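*Asks:* Could you have a look at this structure, given as structure tokens, before my questions?
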Amino acid sequence: MPTLYIAGDAPGVGVTAAAAGLATLLEGVNGAPSVEELPSLDNANAGEPDARVLLVSSPASANPSQAASALGDRLMGVIINAVPDSGRHAVLTTTVPSFQEQGIPVLGIVPEDRRMLAPTVRDVSEHLGAECINLGELDEPDAALDALVEHFMLGGLFLDTGVYVFERREQKAVIVRGDRPDLQMAALETSTVCLVLTEGQLPVQYIVHHAALNQVPMLLVNKPTLETMEALHTVGERSSAPSTHKARRFGELLSAHCDLAPLAGAAA
């Protein structure tokens, strides 16, 4: 049985996500230091001369001629990942034909997806240098910290009730001062994956109790609220690729946007 080997033509193009989403046998290099070094690294890591290769590329990293030269007949196709809506036309009219001219089948075009770009609660905590003050109250702390944060909301002055505002977003982190139990309670009554408590102020006991009931991590930071929000502008740089949630989502994206039949044939 030939090995199905997944390689990326640049760091961060989605090799880990593809490997997890496809539940394949072997993950390849996640991008070489340079495109020219891809052949030697891939050949060394694949190990088997009959390994078939699935290449994961992106609009920015796509280099069909280099891919063809590096992998030759072993290359069974390419998936172009993380394509924004604004760049889809260029991919269809330029990138796809370029791969096809090299005899490389394009197995699918996977769009950008909020969940795939989302940081985890753990990412947010590490990025802010926060302390999870109720870690011992979480039944499954690793699962709670690995939950994806798809939205950030600021707890502030609302004309509407807090619950009405917070229920507009799911899978969110709420950034709120530690001395605002009214807003914290409203957030806990909606789909909130963590509370980020600012100003270094501990919450009152009934908030601690309700956070434990809902299994919501509480991250304590010493920074003011607005400074914390500003720091979160760059949290995406820390976004984790290895995630059960992301693997499941990428599997859905692959099924919806890719022709996976050639992969099944290669592993048969």
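Going through the structure tokens in order, the chains are called A, B, and so on, while each chain numbers its residues from 1 and the ligands are numbered from 1 in the order shown.
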Skipping near chain neighbours, those fewer than 3 positions away, what residues fall within 7 Å of Ala147 (chain A) using only C-alpha atoms, listed as a list in words?

*Replies:*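 Near Ala147 (chain A), the qualifying residues are Thr120, Val121, Ala143, Ala144 and Val193 of chain A.
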
*Asks:* Provide the CA of Ala51 (chain A) to CA of Gln102 (chain A) distance in Å, to one decimal place.

*Replies:*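 Between CA of Ala51 (chain A) and CA of Gln102 (chain A) the gap works out to 19.8 Å.
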
*Asks:* Please report the interatomic distance between CA of Met218 (chain A) and CA of Leu195 (chain A) in Å with one decimal.

*Replies:*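 These two atoms are separated by 4.8 Å.
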
*Asks:* When you look at Leu54 (chain A) with a cut-off of 9 Å (counting only C-alpha atoms), what residues show up, excluding the ones that are within fewer than 3 positions of it in the same chain? I need them as a short mmCIF file (atom, residue, chain, number, x, y, z; two decimals) with all heavy atoms, in the first residue's frame.

*Replies:*
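Saved file result-v5.cif follows:
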data_model
loop_
_atom_site.label_atom_id
_atom_site.label_comp_id
_atom_site.auth_asym_id
_atom_site.auth_seq_id
_atom_site.Cartn_x
_atom_site.Cartn_y
_atom_site.Cartn_z
N LEU A 4 0.42 7.94 1.58
CA LEU A 4 -0.07 9.24 1.14
C LEU A 4 0.63 10.29 1.99
O LEU A 4 0.45 10.36 3.20
CB LEU A 4 -1.58 9.33 1.31
CG LEU A 4 -2.21 10.67 0.92
CD1 LEU A 4 -1.93 10.97 -0.55
CD2 LEU A 4 -3.71 10.65 1.18
N TYR A 5 1.44 11.11 1.33
CA TYR A 5 2.32 12.05 2.00
C TYR A 5 1.88 13.47 1.69
O TYR A 5 1.65 13.80 0.53
CB TYR A 5 3.75 11.79 1.50
CG TYR A 5 4.77 12.79 1.94
CD1 TYR A 5 5.17 12.86 3.26
CD2 TYR A 5 5.36 13.65 1.02
CE1 TYR A 5 6.12 13.77 3.66
CE2 TYR A 5 6.32 14.56 1.41
CZ TYR A 5 6.69 14.61 2.73
OH TYR A 5 7.64 15.52 3.14
N ILE A 6 1.71 14.28 2.74
CA ILE A 6 1.19 15.63 2.56
C ILE A 6 2.32 16.62 2.79
O ILE A 6 2.96 16.61 3.84
CB ILE A 6 0.03 15.91 3.53
CG1 ILE A 6 -1.07 14.87 3.32
CG2 ILE A 6 -0.52 17.32 3.32
CD1 ILE A 6 -2.21 15.02 4.30
N ALA A 7 2.56 17.47 1.81
CA ALA A 7 3.62 18.47 1.90
C ALA A 7 3.06 19.85 1.67
O ALA A 7 2.05 20.03 0.99
CB ALA A 7 4.71 18.19 0.86
N GLY A 8 3.71 20.85 2.26
CA GLY A 8 3.34 22.24 2.04
C GLY A 8 4.44 22.97 1.33
O GLY A 8 5.62 22.65 1.52
N ARG A 74 5.39 11.83 -8.50
CA ARG A 74 4.83 11.49 -7.18
C ARG A 74 3.69 12.43 -6.79
O ARG A 74 2.88 12.10 -5.94
CB ARG A 74 5.93 11.55 -6.12
CG ARG A 74 7.06 10.58 -6.34
CD ARG A 74 8.24 10.91 -5.43
NE ARG A 74 7.84 10.85 -4.03
CZ ARG A 74 8.43 11.55 -3.08
NH1 ARG A 74 9.40 12.40 -3.37
NH2 ARG A 74 8.04 11.44 -1.83
N LEU A 75 3.69 13.62 -7.41
CA LEU A 75 2.69 14.63 -7.05
C LEU A 75 1.34 14.30 -7.68
O LEU A 75 1.17 14.34 -8.89
CB LEU A 75 3.17 16.01 -7.50
CG LEU A 75 2.26 17.20 -7.18
CD1 LEU A 75 1.94 17.26 -5.70
CD2 LEU A 75 2.92 18.50 -7.64
N MET A 76 0.38 13.94 -6.83
CA MET A 76 -0.93 13.52 -7.33
C MET A 76 -1.92 14.67 -7.44
O MET A 76 -2.97 14.52 -8.05
CB MET A 76 -1.51 12.44 -6.43
CG MET A 76 -1.69 12.88 -4.98
SD MET A 76 -2.36 11.56 -3.95
CE MET A 76 -3.93 11.32 -4.75
N GLY A 77 -1.60 15.81 -6.83
CA GLY A 77 -2.50 16.94 -6.92
C GLY A 77 -2.21 17.98 -5.87
O GLY A 77 -1.36 17.79 -5.00
N VAL A 78 -2.89 19.10 -5.99
CA VAL A 78 -2.68 20.22 -5.07
C VAL A 78 -4.02 20.72 -4.57
O VAL A 78 -5.03 20.70 -5.29
CB VAL A 78 -1.91 21.36 -5.77
CG1 VAL A 78 -2.67 21.90 -6.97
CG2 VAL A 78 -1.61 22.50 -4.79
N ILE A 79 -4.04 21.12 -3.30
CA ILE A 79 -5.18 21.83 -2.72
C ILE A 79 -4.71 23.25 -2.44
O ILE A 79 -3.68 23.46 -1.79
CB ILE A 79 -5.65 21.16 -1.42
CG1 ILE A 79 -6.29 19.81 -1.73
CG2 ILE A 79 -6.64 22.06 -0.67
CD1 ILE A 79 -6.66 19.01 -0.49
N LEU A 263 -7.51 10.85 -3.76
CA LEU A 263 -6.78 10.51 -2.54
C LEU A 263 -7.12 9.10 -2.09
O LEU A 263 -6.26 8.33 -1.68
CB LEU A 263 -7.10 11.50 -1.42
CG LEU A 263 -6.84 12.98 -1.71
CD1 LEU A 263 -7.09 13.79 -0.45
CD2 LEU A 263 -5.42 13.18 -2.19
#

*Asks:* When you look at Val221 (chain A) with a cut-off of 12 Å (counting only C-alpha atoms), what residues show up, excluding the ones that are within fewer than 6 positions of it in the same chain? I need them as a PDB file with N, CA, C and O atoms, in the first residue's frame.

*Replies:*
ATOM      1  N   VAL A 124      -5.058  32.900  23.674  1.00  0.00           N
ATOM      2  CA  VAL A 124      -5.403  34.216  24.220  1.00  0.00           C
ATOM      3  C   VAL A 124      -4.717  34.419  25.563  1.00  0.00           C
ATOM      4  O   VAL A 124      -4.130  35.475  25.840  1.00  0.00           O
ATOM      5  N   SER A 125      -4.773  33.397  26.414  1.00  0.00           N
ATOM      6  CA  SER A 125      -4.164  33.498  27.734  1.00  0.00           C
ATOM      7  C   SER A 125      -2.664  33.729  27.646  1.00  0.00           C
ATOM      8  O   SER A 125      -2.108  34.613  28.312  1.00  0.00           O
ATOM      9  N   GLU A 126      -2.001  32.949  26.793  1.00  0.00           N
ATOM     10  CA  GLU A 126      -0.547  33.097  26.660  1.00  0.00           C
ATOM     11  C   GLU A 126      -0.181  34.431  26.030  1.00  0.00           C
ATOM     12  O   GLU A 126       0.812  35.060  26.420  1.00  0.00           O
ATOM     13  N   HIS A 127      -0.974  34.875  25.066  1.00  0.00           N
ATOM     14  CA  HIS A 127      -0.691  36.144  24.393  1.00  0.00           C
ATOM     15  C   HIS A 127      -0.785  37.312  25.362  1.00  0.00           C
ATOM     16  O   HIS A 127       0.008  38.265  25.274  1.00  0.00           O
ATOM     17  N   LEU A 128      -1.739  37.256  26.273  1.00  0.00           N
ATOM     18  CA  LEU A 128      -1.946  38.352  27.227  1.00  0.00           C
ATOM     19  C   LEU A 128      -1.118  38.188  28.497  1.00  0.00           C
ATOM     20  O   LEU A 128      -1.093  39.099  29.328  1.00  0.00           O
ATOM     21  N   GLY A 129      -0.464  37.044  28.665  1.00  0.00           N
ATOM     22  CA  GLY A 129       0.230  36.776  29.925  1.00  0.00           C
ATOM     23  C   GLY A 129      -0.752  36.679  31.069  1.00  0.00           C
ATOM     24  O   GLY A 129      -0.465  37.113  32.196  1.00  0.00           O
ATOM     25  N   ALA A 130      -1.920  36.086  30.807  1.00  0.00           N
ATOM     26  CA  ALA A 130      -2.993  36.029  31.795  1.00  0.00           C
ATOM     27  C   ALA A 130      -2.859  34.804  32.688  1.00  0.00           C
ATOM     28  O   ALA A 130      -2.180  33.823  32.353  1.00  0.00           O
ATOM     29  N   GLU A 131      -3.544  34.857  33.820  1.00  0.00           N
ATOM     30  CA  GLU A 131      -3.638  33.724  34.734  1.00  0.00           C
ATOM     31  C   GLU A 131      -5.064  33.191  34.708  1.00  0.00           C
ATOM     32  O   GLU A 131      -6.020  33.957  34.884  1.00  0.00           O
ATOM     33  N   CYS A 132      -5.214  31.886  34.480  1.00  0.00           N
ATOM     34  CA  CYS A 132      -6.544  31.274  34.547  1.00  0.00           C
ATOM     35  C   CYS A 132      -6.841  31.004  36.021  1.00  0.00           C
ATOM     36  O   CYS A 132      -6.312  30.042  36.602  1.00  0.00           O
ATOM     37  N   ILE A 133      -7.689  31.830  36.606  1.00  0.00           N
ATOM     38  CA  ILE A 133      -7.873  31.793  38.060  1.00  0.00           C
ATOM     39  C   ILE A 133      -8.837  30.702  38.513  1.00  0.00           C
ATOM     40  O   ILE A 133      -8.955  30.460  39.718  1.00  0.00           O
ATOM     41  N   ILE A 175     -14.191  40.603  27.109  1.00  0.00           N
ATOM     42  CA  ILE A 175     -13.198  41.366  27.855  1.00  0.00           C
ATOM     43  C   ILE A 175     -13.941  42.382  28.714  1.00  0.00           C
ATOM     44  O   ILE A 175     -14.672  43.236  28.202  1.00  0.00           O
ATOM     45  N   VAL A 176     -13.775  42.282  30.025  1.00  0.00           N
ATOM     46  CA  VAL A 176     -14.571  43.092  30.941  1.00  0.00           C
ATOM     47  C   VAL A 176     -13.778  43.342  32.221  1.00  0.00           C
ATOM     48  O   VAL A 176     -12.960  42.508  32.629  1.00  0.00           O
ATOM     49  N   ARG A 177     -14.001  44.483  32.830  1.00  0.00           N
ATOM     50  CA  ARG A 177     -13.331  44.789  34.095  1.00  0.00           C
ATOM     51  C   ARG A 177     -13.707  43.766  35.163  1.00  0.00           C
ATOM     52  O   ARG A 177     -14.833  43.282  35.219  1.00  0.00           O
ATOM     53  N   GLY A 178     -12.752  43.464  36.018  1.00  0.00           N
ATOM     54  CA  GLY A 178     -13.001  42.470  37.056  1.00  0.00           C
ATOM     55  C   GLY A 178     -14.046  42.867  38.067  1.00  0.00           C
ATOM     56  O   GLY A 178     -14.583  42.007  38.785  1.00  0.00           O
ATOM     57  N   LEU A 195     -13.912  34.410  29.919  1.00  0.00           N
ATOM     58  CA  LEU A 195     -13.962  35.793  30.374  1.00  0.00           C
ATOM     59  C   LEU A 195     -12.532  36.277  30.558  1.00  0.00           C
ATOM     60  O   LEU A 195     -11.708  35.586  31.160  1.00  0.00           O
ATOM     61  N   VAL A 196     -12.233  37.457  30.031  1.00  0.00           N
ATOM     62  CA  VAL A 196     -10.940  38.089  30.263  1.00  0.00           C
ATOM     63  C   VAL A 196     -11.187  39.247  31.215  1.00  0.00           C
ATOM     64  O   VAL A 196     -11.806  40.253  30.850  1.00  0.00           O
ATOM     65  N   LEU A 197     -10.763  39.079  32.462  1.00  0.00           N
ATOM     66  CA  LEU A 197     -11.019  40.060  33.513  1.00  0.00           C
ATOM     67  C   LEU A 197      -9.829  40.997  33.624  1.00  0.00           C
ATOM     68  O   LEU A 197      -8.697  40.565  33.861  1.00  0.00           O
ATOM     69  N   THR A 198     -10.084  42.283  33.443  1.00  0.00           N
ATOM     70  CA  THR A 198      -9.000  43.262  33.379  1.00  0.00           C
ATOM     71  C   THR A 198      -8.825  44.013  34.694  1.00  0.00           C
ATOM     72  O   THR A 198      -9.567  43.807  35.655  1.00  0.00           O
ATOM     73  N   GLU A 199      -7.799  44.853  34.708  1.00  0.00           N
ATOM     74  CA  GLU A 199      -7.466  45.698  35.862  1.00  0.00           C
ATOM     75  C   GLU A 199      -6.934  44.891  37.047  1.00  0.00           C
ATOM     76  O   GLU A 199      -6.769  45.426  38.139  1.00  0.00           O
ATOM     77  N   GLY A 200      -6.701  43.584  36.873  1.00  0.00           N
ATOM     78  CA  GLY A 200      -6.183  42.768  37.961  1.00  0.00           C
ATOM     79  C   GLY A 200      -7.150  42.568  39.102  1.00  0.00           C
ATOM     80  O   GLY A 200      -6.737  42.178  40.208  1.00  0.00           O
ATOM     81  N   GLN A 201      -8.444  42.789  38.856  1.00  0.00           N
ATOM     82  CA  GLN A 201      -9.442  42.698  39.923  1.00  0.00           C
ATOM     83  C   GLN A 201     -10.162  41.354  39.873  1.00  0.00           C
ATOM     84  O   GLN A 201     -10.711  40.976  38.839  1.00  0.00           O
ATOM     85  N   LEU A 202     -10.162  40.659  41.006  1.00  0.00           N
ATOM     86  CA  LEU A 202     -10.809  39.358  41.094  1.00  0.00           C
ATOM     87  C   LEU A 202     -12.330  39.509  41.084  1.00  0.00           C
ATOM     88  O   LEU A 202     -12.865  40.478  41.633  1.00  0.00           O
ATOM     89  N   GLU A 227      -6.336  48.664  26.835  1.00  0.00           N
ATOM     90  CA  GLU A 227      -4.991  48.182  26.525  1.00  0.00           C
ATOM     91  C   GLU A 227      -5.017  46.692  26.215  1.00  0.00           C
ATOM     92  O   GLU A 227      -4.296  46.204  25.339  1.00  0.00           O
ATOM     93  N   THR A 228      -5.867  45.971  26.918  1.00  0.00           N
ATOM     94  CA  THR A 228      -6.024  44.539  26.655  1.00  0.00           C
ATOM     95  C   THR A 228      -6.601  44.309  25.269  1.00  0.00           C
ATOM     96  O   THR A 228      -6.136  43.426  24.523  1.00  0.00           O
ATOM     97  N   MET A 229      -7.596  45.094  24.901  1.00  0.00           N
ATOM     98  CA  MET A 229      -8.183  44.967  23.565  1.00  0.00           C
ATOM     99  C   MET A 229      -7.142  45.254  22.487  1.00  0.00           C
ATOM    100  O   MET A 229      -7.087  44.571  21.463  1.00  0.00           O
ATOM    101  N   ALA A 231      -3.952  44.823  22.709  1.00  0.00           N
ATOM    102  CA  ALA A 231      -3.003  43.709  22.663  1.00  0.00           C
ATOM    103  C   ALA A 231      -3.569  42.538  21.872  1.00  0.00           C
ATOM    104  O   ALA A 231      -2.827  41.784  21.238  1.00  0.00           O
TER     105      ALA A 231
END

*Asks:* Could you pull out all residues of region 11-182 of chain A with a DSSP call of helix (DSSP H, G or I) and give them as an NGL selection string?

*Replies:* :A and (15-22 or 35-46 or 64-74 or 85-101 or 114-117 or 121-128 or 135-137 or 141-145 or 162-166 or 181-182)
